[in-house]
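Enquirer: Contents are mmCIF, C-alpha atoms; file name work-v4.cif:
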data_target
loop_
_atom_site.label_atom_id
_atom_site.label_comp_id
_atom_site.auth_asym_id
_atom_site.auth_seq_id
_atom_site.Cartn_x
_atom_site.Cartn_y
_atom_site.Cartn_z
CA MET X 210 0.06 -5.70 4.88
CA SER X 211 -1.74 -5.03 1.60
CA PHE X 212 -4.40 -7.37 0.26
CA SER X 213 -2.45 -8.06 -2.94
CA THR X 214 0.04 -10.19 -1.00
CA ILE X 215 -2.60 -12.88 -0.68
CA ALA X 216 -5.19 -12.11 -3.31
CA GLY X 217 -3.04 -11.08 -6.29
CA ARG X 218 -4.14 -8.87 -9.12
CA ALA X 219 -7.64 -7.45 -9.39
CA ALA X 220 -9.26 -8.33 -12.69
CA ALA X 221 -11.75 -6.51 -14.83
CA GLY X 222 -14.21 -9.35 -14.36
CA LEU X 223 -15.10 -7.99 -10.93
CA ALA X 224 -16.93 -5.08 -12.54
CA GLY X 225 -20.05 -7.11 -13.24
CA LEU X 226 -20.12 -8.38 -9.68
CA MET X 227 -19.73 -4.85 -8.37
CA VAL X 228 -22.65 -3.61 -10.44
CA SER X 229 -24.86 -6.50 -9.35
CA ALA X 230 -23.91 -6.04 -5.71
CA ALA X 231 -24.47 -2.29 -5.88
CA LEU X 232 -27.93 -2.80 -7.33
CA LEU X 233 -28.74 -5.36 -4.67
CA PHE X 234 -27.60 -3.13 -1.83
CA SER X 235 -29.29 0.02 -3.15
CA ALA X 236 -32.52 -1.35 -4.64
CA THR X 237 -33.46 -3.95 -2.00
CA PRO X 238 -31.60 -3.11 1.21
CA ALA X 239 -34.01 -5.07 3.43
CA LEU X 240 -33.53 -8.26 1.42
CA ALA X 241 -29.77 -7.69 1.34
CA ASP X 242 -29.66 -7.20 5.10
CA ALA X 243 -31.73 -10.31 5.75
CA ALA X 244 -29.56 -12.45 3.50
CA PHE X 245 -26.42 -11.10 5.10
CA GLN X 246 -27.75 -11.76 8.58
CA ARG X 247 -28.53 -15.34 7.60
CA TRP X 248 -24.96 -15.66 6.33
CA VAL X 249 -23.58 -14.25 9.59
CA GLN X 250 -25.49 -16.84 11.59
CA GLU X 251 -24.20 -19.60 9.32
CA PHE X 252 -20.64 -18.30 9.72
CA ARG X 253 -21.07 -18.45 13.47
CA GLY X 254 -20.73 -22.24 13.14
CA VAL X 255 -17.48 -21.87 11.15
CA ALA X 256 -16.11 -19.58 13.84
CA SER X 257 -17.08 -22.03 16.58
CA GLN X 258 -15.27 -24.85 14.77
CA ASN X 259 -12.17 -22.65 14.83
CA GLY X 260 -12.30 -22.07 18.56
CA ILE X 261 -14.14 -18.74 18.61
CA SER X 262 -16.51 -18.36 21.55
CA GLY X 263 -20.06 -17.18 21.10
CA ALA X 264 -19.34 -14.14 23.25
CA THR X 265 -16.43 -13.10 21.04
CA PHE X 266 -18.49 -13.61 17.87
CA ASP X 267 -21.43 -11.60 19.19
CA ARG X 268 -19.15 -8.78 20.32
CA ALA X 269 -17.43 -8.69 16.92
CA PHE X 270 -20.68 -8.51 14.92
CA SER X 271 -22.58 -6.20 17.24
CA GLY X 272 -24.13 -3.42 15.14
CA ILE X 273 -23.07 -4.95 11.79
CA THR X 274 -26.34 -5.48 9.93
CA ALA X 275 -25.31 -5.18 6.27
CA PRO X 276 -22.27 -5.54 4.02
CA ASP X 277 -20.13 -2.53 3.10
CA PRO X 278 -20.76 -1.77 -0.61
CA GLU X 279 -17.68 0.47 -0.80
CA VAL X 280 -15.46 -2.53 -0.12
CA LEU X 281 -16.37 -4.06 -3.48
CA GLN X 282 -15.76 -0.77 -5.27
CA LEU X 283 -12.34 -0.35 -3.68
CA ALA X 284 -11.41 -3.94 -4.44
CA ASN X 285 -11.33 -3.11 -8.13
CA ASN X 286 -9.09 -0.06 -7.82
CA GLN X 287 -5.75 -1.19 -6.39
CA PRO X 288 -3.22 1.51 -7.37
CA GLU X 289 -0.26 -0.90 -7.42
CA PHE X 290 -1.84 -2.55 -10.46
CA ASN X 291 -4.08 0.10 -12.05
CA ALA X 292 -2.24 3.42 -11.77
CA PRO X 293 0.26 4.68 -14.36
CA VAL X 294 3.82 4.22 -13.13
CA TRP X 295 4.51 7.92 -12.71
CA GLN X 296 1.27 8.51 -10.82
CA TYR X 297 1.90 5.71 -8.35
CA PHE X 298 5.44 6.88 -7.57
CA ASP X 299 4.56 10.58 -7.44
CA ASN X 300 1.99 9.78 -4.75
CA GLN X 301 4.39 7.62 -2.72
CA VAL X 302 7.85 9.13 -3.16
CA ASN X 303 7.63 12.91 -2.90
CA GLU X 304 8.92 15.87 -0.95
CA GLU X 305 6.46 15.36 1.90
CA SER X 306 7.05 11.61 2.40
CA ILE X 307 10.82 12.14 2.33
CA ALA X 308 10.82 15.10 4.73
CA ASN X 309 8.41 13.39 7.12
CA GLY X 310 10.51 10.24 7.01
CA ARG X 311 13.59 12.17 8.06
CA THR X 312 11.61 13.79 10.86
CA MET X 313 10.40 10.39 12.04
CA ALA X 314 13.95 9.01 11.85
CA GLN X 315 15.03 11.65 14.36
CA ARG X 316 11.94 11.43 16.55
CA HIS X 317 12.10 7.64 16.87
CA SER X 318 15.86 7.15 16.67
CA ARG X 319 16.10 5.03 19.83
CA LEU X 320 13.22 2.82 18.76
CA LEU X 321 14.73 2.40 15.30
CA ASP X 322 18.08 1.50 16.88
CA ALA X 323 16.31 -1.26 18.79
CA VAL X 324 14.44 -2.47 15.68
CA GLU X 325 17.65 -2.66 13.66
CA GLN X 326 19.49 -4.47 16.45
CA ARG X 327 16.71 -7.01 17.02
CA PHE X 328 15.66 -7.73 13.43
CA GLY X 329 18.55 -6.60 11.21
CA VAL X 330 16.30 -4.55 8.91
CA SER X 331 17.35 -1.02 7.91
CA ARG X 332 15.46 1.74 9.71
CA PHE X 333 14.97 3.48 6.37
CA ILE X 334 13.17 0.46 4.90
CA VAL X 335 10.92 0.34 7.97
CA LEU X 336 10.20 4.07 7.71
CA ALA X 337 9.40 3.77 3.99
CA ILE X 338 6.92 0.96 4.67
CA TRP X 339 5.30 3.03 7.43
CA SER X 340 4.98 5.97 5.03
CA ILE X 341 3.48 4.00 2.17
CA GLU X 342 1.14 1.92 4.32
CA SER X 343 -0.34 4.69 6.48
CA ARG X 344 1.59 7.96 5.87
CA TYR X 345 3.33 7.55 9.23
CA GLY X 346 -0.01 6.83 10.91
CA GLU X 347 -1.84 9.85 9.51
CA ALA X 348 -4.25 7.68 7.50
CA LEU X 349 -5.49 6.01 10.69
CA ASN X 350 -7.17 9.29 11.62
CA ASN X 351 -8.97 9.65 8.30
CA PRO X 352 -12.53 8.28 8.50
CA ARG X 353 -12.57 7.87 4.72
CA GLN X 354 -9.66 5.42 4.87
CA VAL X 355 -10.49 3.27 7.90
CA ARG X 356 -13.44 0.99 8.42
CA SER X 357 -14.47 -1.94 10.59
CA THR X 358 -12.14 -4.86 9.86
CA ILE X 359 -14.86 -7.35 10.78
CA ARG X 360 -17.38 -5.75 8.42
CA SER X 361 -14.88 -5.44 5.56
CA LEU X 362 -13.84 -9.09 5.77
CA ALA X 363 -17.41 -10.27 6.22
CA THR X 364 -18.32 -8.33 3.06
CA LEU X 365 -15.57 -10.04 1.08
CA ALA X 366 -16.51 -13.45 2.46
CA TYR X 367 -20.21 -12.90 1.76
CA ALA X 368 -20.39 -10.90 -1.47
CA ASP X 369 -17.11 -11.17 -3.40
CA GLN X 370 -17.13 -14.50 -5.20
CA ARG X 371 -13.44 -14.27 -6.14
CA ARG X 372 -12.30 -13.41 -2.62
CA GLN X 373 -14.63 -15.47 -0.47
CA ARG X 374 -11.91 -17.88 0.63
CA PHE X 375 -9.59 -15.02 1.55
CA GLY X 376 -12.37 -13.21 3.40
CA ARG X 377 -13.34 -16.27 5.42
CA GLN X 378 -9.75 -17.08 6.32
CA GLN X 379 -8.96 -13.53 7.39
CA LEU X 380 -12.25 -13.13 9.26
CA VAL X 381 -11.50 -16.20 11.40
CA ALA X 382 -8.01 -14.82 12.10
CA ALA X 383 -9.46 -11.42 13.05
CA LEU X 384 -11.88 -13.07 15.47
CA LYS X 385 -8.96 -14.91 17.07
CA ILE X 386 -7.13 -11.61 17.54
CA LEU X 387 -10.17 -10.20 19.33
CA GLN X 388 -10.49 -13.30 21.47
CA ASN X 389 -6.83 -13.06 22.48
CA GLY X 390 -7.46 -9.54 23.79
CA ASP X 391 -4.76 -7.65 21.85
CA VAL X 392 -7.28 -5.06 20.68
CA ASP X 393 -10.90 -4.13 21.34
CA VAL X 394 -13.39 -4.55 18.52
CA SER X 395 -13.98 -0.78 18.50
CA GLN X 396 -10.33 -0.24 17.60
CA MET X 397 -10.01 -3.08 15.08
CA THR X 398 -10.13 -0.92 11.98
CA GLY X 399 -8.33 -1.12 8.68
CA SER X 400 -8.52 -0.99 4.91
CA TRP X 401 -11.18 -2.42 2.62
CA ALA X 402 -9.25 -5.72 2.58
CA GLY X 403 -8.75 -5.94 6.33
CA ALA X 404 -5.18 -4.59 6.42
CA MET X 405 -4.75 -3.12 9.89
CA GLY X 406 -2.77 -0.56 11.85
CA HIS X 407 0.22 1.65 11.15
CA THR X 408 1.90 -0.97 8.98
CA GLN X 409 -1.24 -2.56 7.47
CA PHE X 410 -1.08 -6.24 8.43
CA ILE X 411 -3.84 -8.56 7.30
CA PRO X 412 -5.02 -10.73 10.23
CA THR X 413 -3.09 -13.88 9.29
CA SER X 414 0.10 -11.86 8.92
CA TYR X 415 -0.60 -10.31 12.30
CA GLU X 416 -0.94 -13.76 13.82
CA ALA X 417 2.34 -14.89 12.26
CA TRP X 418 4.58 -11.86 12.68
CA ALA X 419 3.19 -9.18 14.99
CA VAL X 420 5.43 -8.54 18.02
CA ASP X 421 5.10 -6.81 21.38
CA MET X 422 7.96 -4.36 20.90
CA ASP X 423 6.99 -2.04 23.74
CA GLY X 424 6.74 -4.87 26.27
CA ASN X 425 3.24 -4.16 27.59
CA GLY X 426 1.97 -7.69 26.97
CA ARG X 427 -0.12 -6.86 23.88
CA ARG X 428 0.69 -6.74 20.17
CA ASP X 429 -0.96 -3.45 19.29
CA ILE X 430 -0.16 -2.27 15.75
CA TRP X 431 -3.02 0.27 15.89
CA ASN X 432 -1.83 2.39 18.81
CA SER X 433 1.79 1.38 19.51
CA ILE X 434 4.36 2.66 17.02
CA PRO X 435 7.02 0.33 18.53
CA ASP X 436 4.78 -2.71 18.00
CA ALA X 437 3.90 -1.63 14.45
CA LEU X 438 7.46 -0.95 13.29
CA GLY X 439 8.86 -3.99 15.05
CA SER X 440 6.19 -6.16 13.43
CA ALA X 441 7.04 -4.87 9.95
CA ALA X 442 10.71 -5.62 10.52
CA ASN X 443 9.90 -9.05 11.92
CA LEU X 444 7.86 -9.91 8.82
CA LEU X 445 10.81 -9.08 6.57
CA ARG X 446 13.36 -10.85 8.76
CA SER X 447 11.21 -13.96 9.09
CA ASN X 448 10.78 -14.19 5.32
CA GLY X 449 14.52 -14.02 4.62
CA TRP X 450 15.68 -10.38 4.73
CA ARG X 451 19.47 -10.20 4.48
CA SER X 452 20.83 -7.71 6.98
CA GLY X 453 23.20 -5.08 5.67
CA GLN X 454 22.45 -5.78 2.01
CA ALA X 455 20.86 -3.47 -0.55
CA TRP X 456 17.51 -3.97 -2.24
CA GLY X 457 18.79 -2.86 -5.66
CA TYR X 458 20.63 -0.25 -7.71
CA GLU X 459 19.73 2.28 -10.38
CA VAL X 460 21.63 1.32 -13.53
CA ARG X 461 22.52 2.58 -17.01
CA LEU X 462 21.85 0.31 -19.97
CA PRO X 463 24.16 0.11 -22.99
CA GLU X 464 22.60 1.25 -26.24
CA GLY X 465 21.29 -1.29 -28.72
CA ARG X 466 21.75 -4.39 -26.58
CA ARG X 467 19.11 -6.97 -25.76
CA PHE X 468 19.10 -8.45 -22.29
CA PRO X 469 18.32 -11.95 -21.05
CA GLY X 470 15.48 -12.60 -18.64
CA GLY X 471 16.02 -14.02 -15.18
CA THR X 472 18.93 -13.37 -12.86
CA MET X 473 22.68 -13.09 -13.28
CA THR X 474 25.41 -12.01 -10.91
CA LEU X 475 26.12 -8.29 -10.74
CA ALA X 476 29.55 -9.03 -12.20
CA GLU X 477 27.91 -10.69 -15.20
CA TRP X 478 25.57 -7.75 -15.67
CA GLU X 479 28.54 -5.41 -15.53
CA ARG X 480 30.39 -7.41 -18.17
CA ILE X 481 27.57 -6.79 -20.65
CA GLY X 482 27.56 -3.07 -19.90
CA VAL X 483 24.89 -2.69 -17.20
CA VAL X 484 26.61 -0.41 -14.70
CA ARG X 485 25.48 1.63 -11.70
CA ALA X 486 24.05 5.00 -12.71
CA ASN X 487 26.19 6.82 -10.14
CA GLY X 488 29.39 5.31 -11.54
CA GLN X 489 30.28 3.44 -8.35
CA PRO X 490 31.18 -0.27 -8.37
CA TYR X 491 28.79 -2.94 -7.17
CA PRO X 492 29.64 -3.63 -3.50
CA ARG X 493 28.88 -7.37 -3.77
CA PRO X 494 29.52 -8.38 -7.39
CA GLY X 495 28.65 -12.01 -6.71
CA ASP X 496 25.06 -11.22 -5.72
CA ARG X 497 22.42 -12.28 -8.21
CA ALA X 498 20.20 -9.58 -9.66
CA GLU X 499 17.29 -9.13 -12.05
CA LEU X 500 16.71 -6.20 -14.41
CA LYS X 501 13.56 -4.12 -13.88
CA VAL X 502 12.51 -1.43 -16.37
CA PRO X 503 9.04 -0.24 -15.24
CA GLN X 504 8.65 2.11 -18.22
CA GLY X 505 10.71 0.18 -20.74
CA ARG X 506 14.40 0.47 -21.48
CA ASP X 507 14.09 4.18 -22.32
CA GLY X 508 13.06 4.90 -18.72
CA ILE X 509 14.72 4.53 -15.34
CA ALA X 510 16.23 1.05 -14.85
CA PHE X 511 17.17 -1.02 -11.80
CA LEU X 512 18.99 -4.20 -10.95
CA VAL X 513 17.10 -5.67 -8.00
CA LEU X 514 18.47 -8.12 -5.48
CA HIS X 515 17.25 -10.68 -2.96
CA ASN X 516 15.88 -8.06 -0.54
CA PHE X 517 13.68 -6.63 -3.29
CA ASN X 518 11.85 -9.95 -3.35
CA MET X 519 11.52 -9.82 0.44
CA LEU X 520 9.72 -6.48 0.07
CA LYS X 521 7.31 -8.26 -2.26
CA ARG X 522 6.47 -10.62 0.60
CA TYR X 523 4.90 -7.55 2.17
CA ASN X 524 3.00 -6.66 -1.01
CA ASN X 525 3.38 -8.74 -4.15
CA SER X 526 3.89 -5.83 -6.53
CA ASP X 527 7.05 -4.66 -8.29
CA MET X 528 5.81 -1.07 -8.08
CA TYR X 529 5.28 -1.38 -4.34
CA ALA X 530 8.72 -2.88 -3.71
CA LEU X 531 10.40 -0.25 -5.91
CA SER X 532 8.59 2.55 -4.11
CA VAL X 533 9.70 1.24 -0.70
CA GLY X 534 13.30 0.92 -1.85
CA MET X 535 13.41 4.30 -3.57
CA LEU X 536 11.74 6.10 -0.67
CA ALA X 537 14.07 4.43 1.83
CA ASP X 538 17.08 5.59 -0.17
CA GLN X 539 15.72 9.12 -0.34
CA ILE X 540 15.04 9.27 3.41
CA ALA X 541 18.58 8.01 4.04
CA GLY X 542 20.00 10.64 1.70
CA THR X 543 21.53 8.08 -0.67
CA GLY X 544 18.86 8.05 -3.37
CA ALA X 545 19.96 10.73 -5.82
CA TYR X 546 18.51 9.10 -8.93
CA THR X 547 19.83 10.21 -12.28
CA ARG X 548 16.57 9.70 -14.19
CA ASP X 549 12.94 10.51 -13.53
CA TRP X 550 9.74 8.86 -14.70
CA ASN X 551 8.57 9.69 -18.20
CA ARG X 552 5.36 11.70 -17.86
CA PRO X 553 3.15 13.10 -20.62
CA PHE X 554 3.15 16.48 -18.84
CA THR X 555 5.27 18.75 -16.64
CA ARG X 556 5.21 17.47 -13.06
CA LEU X 557 3.96 19.51 -10.12
CA SER X 558 5.78 19.68 -6.81
CA PHE X 559 3.92 18.24 -3.81
CA ALA X 560 2.96 21.73 -2.64
CA GLU X 561 1.74 22.60 -6.14
CA ALA X 562 -0.38 19.43 -6.22
CA GLN X 563 -2.01 20.58 -2.99
CA GLU X 564 -2.58 24.02 -4.49
CA LEU X 565 -4.17 22.42 -7.56
CA GLN X 566 -6.57 20.46 -5.35
CA GLN X 567 -7.41 23.57 -3.31
CA ARG X 568 -8.17 25.62 -6.42
CA LEU X 569 -10.34 22.84 -7.85
CA LEU X 570 -12.15 22.65 -4.52
CA SER X 571 -12.80 26.40 -4.41
CA MET X 572 -14.19 26.27 -7.94
CA GLY X 573 -16.55 23.41 -7.12
CA TYR X 574 -14.86 20.65 -9.12
CA TYR X 575 -13.38 18.68 -6.21
CA ASP X 576 -14.57 17.67 -2.74
CA GLY X 577 -11.75 15.42 -1.51
CA ALA X 578 -8.79 15.89 0.82
CA ILE X 579 -6.10 18.49 0.13
CA ASP X 580 -3.36 15.89 0.47
CA GLY X 581 -1.22 16.39 -2.64
CA ARG X 582 -1.97 12.83 -3.79
CA ILE X 583 -3.61 12.64 -7.18
CA GLY X 584 -6.13 9.84 -7.16
CA PRO X 585 -9.36 9.12 -9.07
CA ALA X 586 -11.29 12.01 -7.48
CA SER X 587 -8.54 14.52 -8.29
CA ARG X 588 -8.24 13.26 -11.87
CA ALA X 589 -12.01 13.47 -12.38
CA ALA X 590 -11.97 17.05 -11.08
CA ILE X 591 -9.10 17.94 -13.41
CA GLN X 592 -10.96 16.45 -16.36
CA ALA X 593 -14.12 18.36 -15.51
CA PHE X 594 -12.16 21.61 -15.38
CA GLN X 595 -10.33 20.82 -18.62
CA GLU X 596 -13.60 20.13 -20.41
CA ARG X 597 -15.08 23.39 -19.15
CA ALA X 598 -11.94 25.29 -20.19
CA GLY X 599 -11.84 23.71 -23.65
CA LEU X 600 -8.64 21.77 -22.93
CA ASP X 601 -7.72 18.18 -23.75
CA ALA X 602 -9.43 16.33 -20.89
CA ASP X 603 -6.57 13.96 -20.03
CA GLY X 604 -6.86 14.39 -16.22
CA HIS X 605 -3.12 14.96 -15.78
CA PRO X 606 -1.99 17.09 -12.80
CA SER X 607 0.25 19.28 -14.91
CA LYS X 608 1.89 22.68 -14.59
CA GLU X 609 -0.25 23.76 -17.50
CA VAL X 610 -3.49 22.94 -15.68
CA LEU X 611 -2.31 24.70 -12.52
CA SER X 612 -1.33 27.76 -14.54
CA ARG X 613 -4.78 27.89 -16.13
CA LEU X 614 -6.41 27.50 -12.70
CA ARG X 615 -4.33 30.37 -11.35
CA SER X 616 -5.43 32.59 -14.24
CA ARG X 617 -9.06 32.03 -13.23
#
Starting from the file, lay out its structure as structure tokens.

Expert:
Amino acid sequence: MSFSTIAGRAAAGLAGLMVSAALLFSATPALADAAFQRWVQEFRGVASQNGISGATFDRAFSGITAPDPEVLQLANNQPEFNAPVWQYFDNQVNEESIANGRTMAQRHSRLLDAVEQRFGVSRFIVLAIWSIESRYGEALNNPRQVRSTIRSLATLAYADQRRQRFGRQQLVAALKILQNGDVDVSQMTGSWAGAMGHTQFIPTSYEAWAVDMDGNGRRDIWNSIPDALGSAANLLRSNGWRSGQAWGYEVRLPEGRRFPGGTMTLAEWERIGVVRANGQPYPRPGDRAELKVPQGRDGIAFLVLHNFNMLKRYNNSDMYALSVGMLADQIAGTGAYTRDWNRPFTRLSFAEAQELQQRLLSMGYYDGAIDGRIGPASRAAIQAFQERAGLDADGHPSKEVLSRLRSR
């Protein structure tokens, strides 16, 4: 479960803290280590007050001698809040994530039957969450994307003034998970914010909603796909997911009309000209809905329903909830959207984005993964190439840039 569920939006004010912390860690590592070790020993008392044994605490912190400076850097670069709309969705809802989702739907059909029957959450929603949180588990094998949960949370609790309370709370919860024996400390890995396993639960969410779906007596969201997918569905169900109901609909807006804020029934929206983009009627016209226009009224528009807000219980971001809903529809084969995102360039296919990264790599501009996902490293490489080629250095992964790379 992503950090933004608890911590909210990252602010620019963290930049100064990041710089100060980076200087501390790089210029005086011995002093930083000593101060951190003193903090660890002080936190040992907090853990003890929360029922954590000394043996569990020592096992958890064995080999952790300093904070993780990358955690603070990553904390200020949450794509749900910082990325342009088109970039965020292109990285989450694409040919690969859709095709892999359909493959996983077939491979795990019996498991998904059981998840739907037990929790009442659509298999396609569960698959979309799995894709976005860990690319169907692929990210768990990437050493650049997983790190010690204990060290990450200790870093936040020790060095991030705005997230100290969150870090302390989650660190205590993580220690309780270790003490309960669901996972060994060597396998307790996750994101910079302590989000863990296939479906990225923070420790307190794990405590509240993780389930033993495979029946082996442990709730293991790191190694058990049944436990991970069942836990994601249980989180949604426990927070109020309405079985059999949609998350939202793509809509067409009438020209020249202003719209009220807040919610109205679908029937009321229809009366003022907001109709489904595919021309079909609203299945439940009495349901209340809110209008979302991520790129303004000239872009793609949605009426979102109760279940959309349940997706935001997983990650409190409109972009995240929209991406889950749109990807789920695409995996199910019901998401033929009539409009695309407005981009200031011609979009690449997923395979072309991989080719662009490979060509940048071979020319020495890029040293990241060939994963088709355009993040900060890819954009920086594109900009460097554009500057060298005398192009406008906008960093966009465009057909034009790929064509120029091919000509080289």

Enquirer: Starting from the displayed file, determine the output of the PyMOL selection byres ((chain X and resi 492) around 12) and express the residue list as a VMD selection string.

Expert: chain X and resid 453 to 455 457 to 458 474 to 476 485 489 to 491 493 to 496

Enquirer: What is the distance, in Å and to one decimal place, between CA of Phe468 in chain X and CA of Gly482 in chain X?

Expert: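 Separation of CA of Phe468 in chain X and CA of Gly482 in chain X: 10.3 Å.
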
Enquirer: Expand the PyMOL selection byres ((chain X and resi 561-565) around 7) into the explicit residue set it covers here, and present it as JSON, numbers by chain.

Expert: {"X": [557, 558, 559, 560, 566, 567, 568, 569, 579, 580, 581, 611]}

Enquirer: Residues picked by the PyMOL selection byres ((chain X and resi 249) around 10) here, as a list in words?

Expert: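 The output of the PyMOL selection byres ((chain X and resi 249) around 10) on this file is Ala243, Ala244, Phe245, Gln246, Arg247, Trp248, Gln250, Glu251, Phe252, Arg253, Gly254, Val255, Phe266, Phe270, Ile273, Thr274, Ala275, Ala363 and Tyr367 of chain X.
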
Enquirer: Counting all atoms listed in the file, which residue out of X:Asp242, X:Asp429, X:Glu342, X:Glu305 sits closest to Ala404 in chain X?

Expert: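 Between X:Asp242, X:Asp429, X:Glu342, X:Glu305, the residue approaching Ala404 in chain X most closely is X:Glu342.
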
Enquirer: Of the candidates X:Leu283, X:Ala308, X:Ala498, X:Val533, which shows the shortest atom-to-atom distance to Trp339 in chain X, using all atoms listed in the file?

Expert: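 For Trp339 in chain X, the nearest of the candidates is X:Val533.
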
Enquirer: What's the 9 Å shell around Val355 in chain X, counting all atoms listed in the file, without same-chain residues fewer than 5 positions away, as a PDB file with C-alpha atoms, in the coordinates of the input?

Expert:
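File produced: out.pdb:
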ATOM      1  CA  ALA X 348      -4.250   7.680   7.500  1.00  0.00           C
ATOM      2  CA  LEU X 349      -5.490   6.010  10.690  1.00  0.00           C
ATOM      3  CA  ASN X 350      -7.170   9.290  11.620  1.00  0.00           C
ATOM      4  CA  THR X 398     -10.130  -0.920  11.980  1.00  0.00           C
ATOM      5  CA  GLY X 399      -8.330  -1.120   8.680  1.00  0.00           C
ATOM      6  CA  SER X 400      -8.520  -0.990   4.910  1.00  0.00           C
ATOM      7  CA  TRP X 401     -11.180  -2.420   2.620  1.00  0.00           C
ATOM      8  CA  MET X 405      -4.750  -3.120   9.890  1.00  0.00           C
TER       9      MET X 405
END

Enquirer: When you count all atoms listed in the file, which of these residues is closest to Glu279 in chain X: X:Ile338, X:Leu365, X:Ala593, X:Ile261?

Expert: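 Closest to Glu279 in chain X, using all atoms listed in the file: X:Leu365.
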
Enquirer: Any idea what the distance is between CA of Thr408 in chain X and CA of Leu438 in chain X?

Expert: 7.0 Å

Enquirer: Could you check which of X:Ala284, X:Ala578, X:Leu320, X:Val502 is closest to Pro435 in chain X, using all atoms listed in the file?

Expert: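 Among the listed residues, X:Leu320 lies closest to Pro435 in chain X.
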
Enquirer: Given only C-alpha atoms as the basis, pick out the residue of X:Ser607, X:Ser433, X:Gln326, X:Gln504 nearest to Thr555 in chain X.

Expert: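 The closest residue to Thr555 in chain X is X:Ser607.
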
Enquirer: Could you check which residues have any atom within 12 Å of (2.1, -17.4, 15.7), counting only C-alpha atoms with coordinates taken straight from the file, and then list them as an mmCIF file with C-alpha atoms, keeping the file's coordinate frame?

Expert:
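Listing of result-v9.cif after writing:
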data_model
loop_
_atom_site.group_PDB
_atom_site.id
_atom_site.type_symbol
_atom_site.label_atom_id
_atom_site.label_comp_id
_atom_site.auth_asym_id
_atom_site.auth_seq_id
_atom_site.Cartn_x
_atom_site.Cartn_y
_atom_site.Cartn_z
ATOM 1 C CA ALA X 382 -8.010 -14.820 12.100
ATOM 2 C CA LYS X 385 -8.960 -14.910 17.070
ATOM 3 C CA ILE X 386 -7.130 -11.610 17.540
ATOM 4 C CA PRO X 412 -5.020 -10.730 10.230
ATOM 5 C CA THR X 413 -3.090 -13.880 9.290
ATOM 6 C CA SER X 414 0.100 -11.860 8.920
ATOM 7 C CA TYR X 415 -0.600 -10.310 12.300
ATOM 8 C CA GLU X 416 -0.940 -13.760 13.820
ATOM 9 C CA ALA X 417 2.340 -14.890 12.260
ATOM 10 C CA TRP X 418 4.580 -11.860 12.680
ATOM 11 C CA ALA X 419 3.190 -9.180 14.990
ATOM 12 C CA VAL X 420 5.430 -8.540 18.020
ATOM 13 C CA ARG X 428 0.690 -6.740 20.170
ATOM 14 C CA LEU X 444 7.860 -9.910 8.820
ATOM 15 C CA SER X 447 11.210 -13.960 9.090
#

Enquirer: Which neighbours of Ser587 in chain X fall inside 9 Å, counting all atoms listed in the file, when residues of the same chain fewer than 2 positions from it are skipped, and could you give them as a VMD selection string?

Expert: chain X and resid 566 569 574 to 577 582 to 585 589 to 592 604 606

Enquirer: Generate a file of the selected residues that holds C-alpha atoms, formatted as a PDB file, in the coordinates of the input.

Expert:
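Heads up, here's the output in selection34.pdb:
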ATOM      1  CA  GLN X 566      -6.570  20.460  -5.350  1.00  0.00           C
ATOM      2  CA  LEU X 569     -10.340  22.840  -7.850  1.00  0.00           C
ATOM      3  CA  TYR X 574     -14.860  20.650  -9.120  1.00  0.00           C
ATOM      4  CA  TYR X 575     -13.380  18.680  -6.210  1.00  0.00           C
ATOM      5  CA  ASP X 576     -14.570  17.670  -2.740  1.00  0.00           C
ATOM      6  CA  GLY X 577     -11.750  15.420  -1.510  1.00  0.00           C
ATOM      7  CA  ARG X 582      -1.970  12.830  -3.790  1.00  0.00           C
ATOM      8  CA  ILE X 583      -3.610  12.640  -7.180  1.00  0.00           C
ATOM      9  CA  GLY X 584      -6.130   9.840  -7.160  1.00  0.00           C
ATOM     10  CA  PRO X 585      -9.360   9.120  -9.070  1.00  0.00           C
ATOM     11  CA  ALA X 589     -12.010  13.470 -12.380  1.00  0.00           C
ATOM     12  CA  ALA X 590     -11.970  17.050 -11.080  1.00  0.00           C
ATOM     13  CA  ILE X 591      -9.100  17.940 -13.410  1.00  0.00           C
ATOM     14  CA  GLN X 592     -10.960  16.450 -16.360  1.00  0.00           C
ATOM     15  CA  GLY X 604      -6.860  14.390 -16.220  1.00  0.00           C
ATOM     16  CA  PRO X 606      -1.990  17.090 -12.800  1.00  0.00           C
TER      17      PRO X 606
END

Enquirer: Using only C-alpha atoms, which of X:Ser262, X:Tyr523, X:Ala256, X:Ile434 sits nearest Gln379 in chain X?

Expert: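 Under the stated criterion, the closest residue is X:Ala256.
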
Enquirer: Report as a PyMOL selection string all protein, DNA and RNA residues lying within 12 Å of Gly471 in chain X, evaluated on only C-alpha atoms, omitting residues in the same chain fewer than 3 positions from it.

Expert: chain X and resi 468+474+478+497-501+512-514

Enquirer: Which centre and edge lengths in Å to one decimal define the box along x, y and z that fits every listed atom of range 577-596 of chain X plus 5 Å per side, as AutoDock Vina command-line options?

Expert:
--center_x -7.7 --center_y 15.4 --center_z -9.8 --size_x 22.9 --size_y 22.5 --size_z 31.2
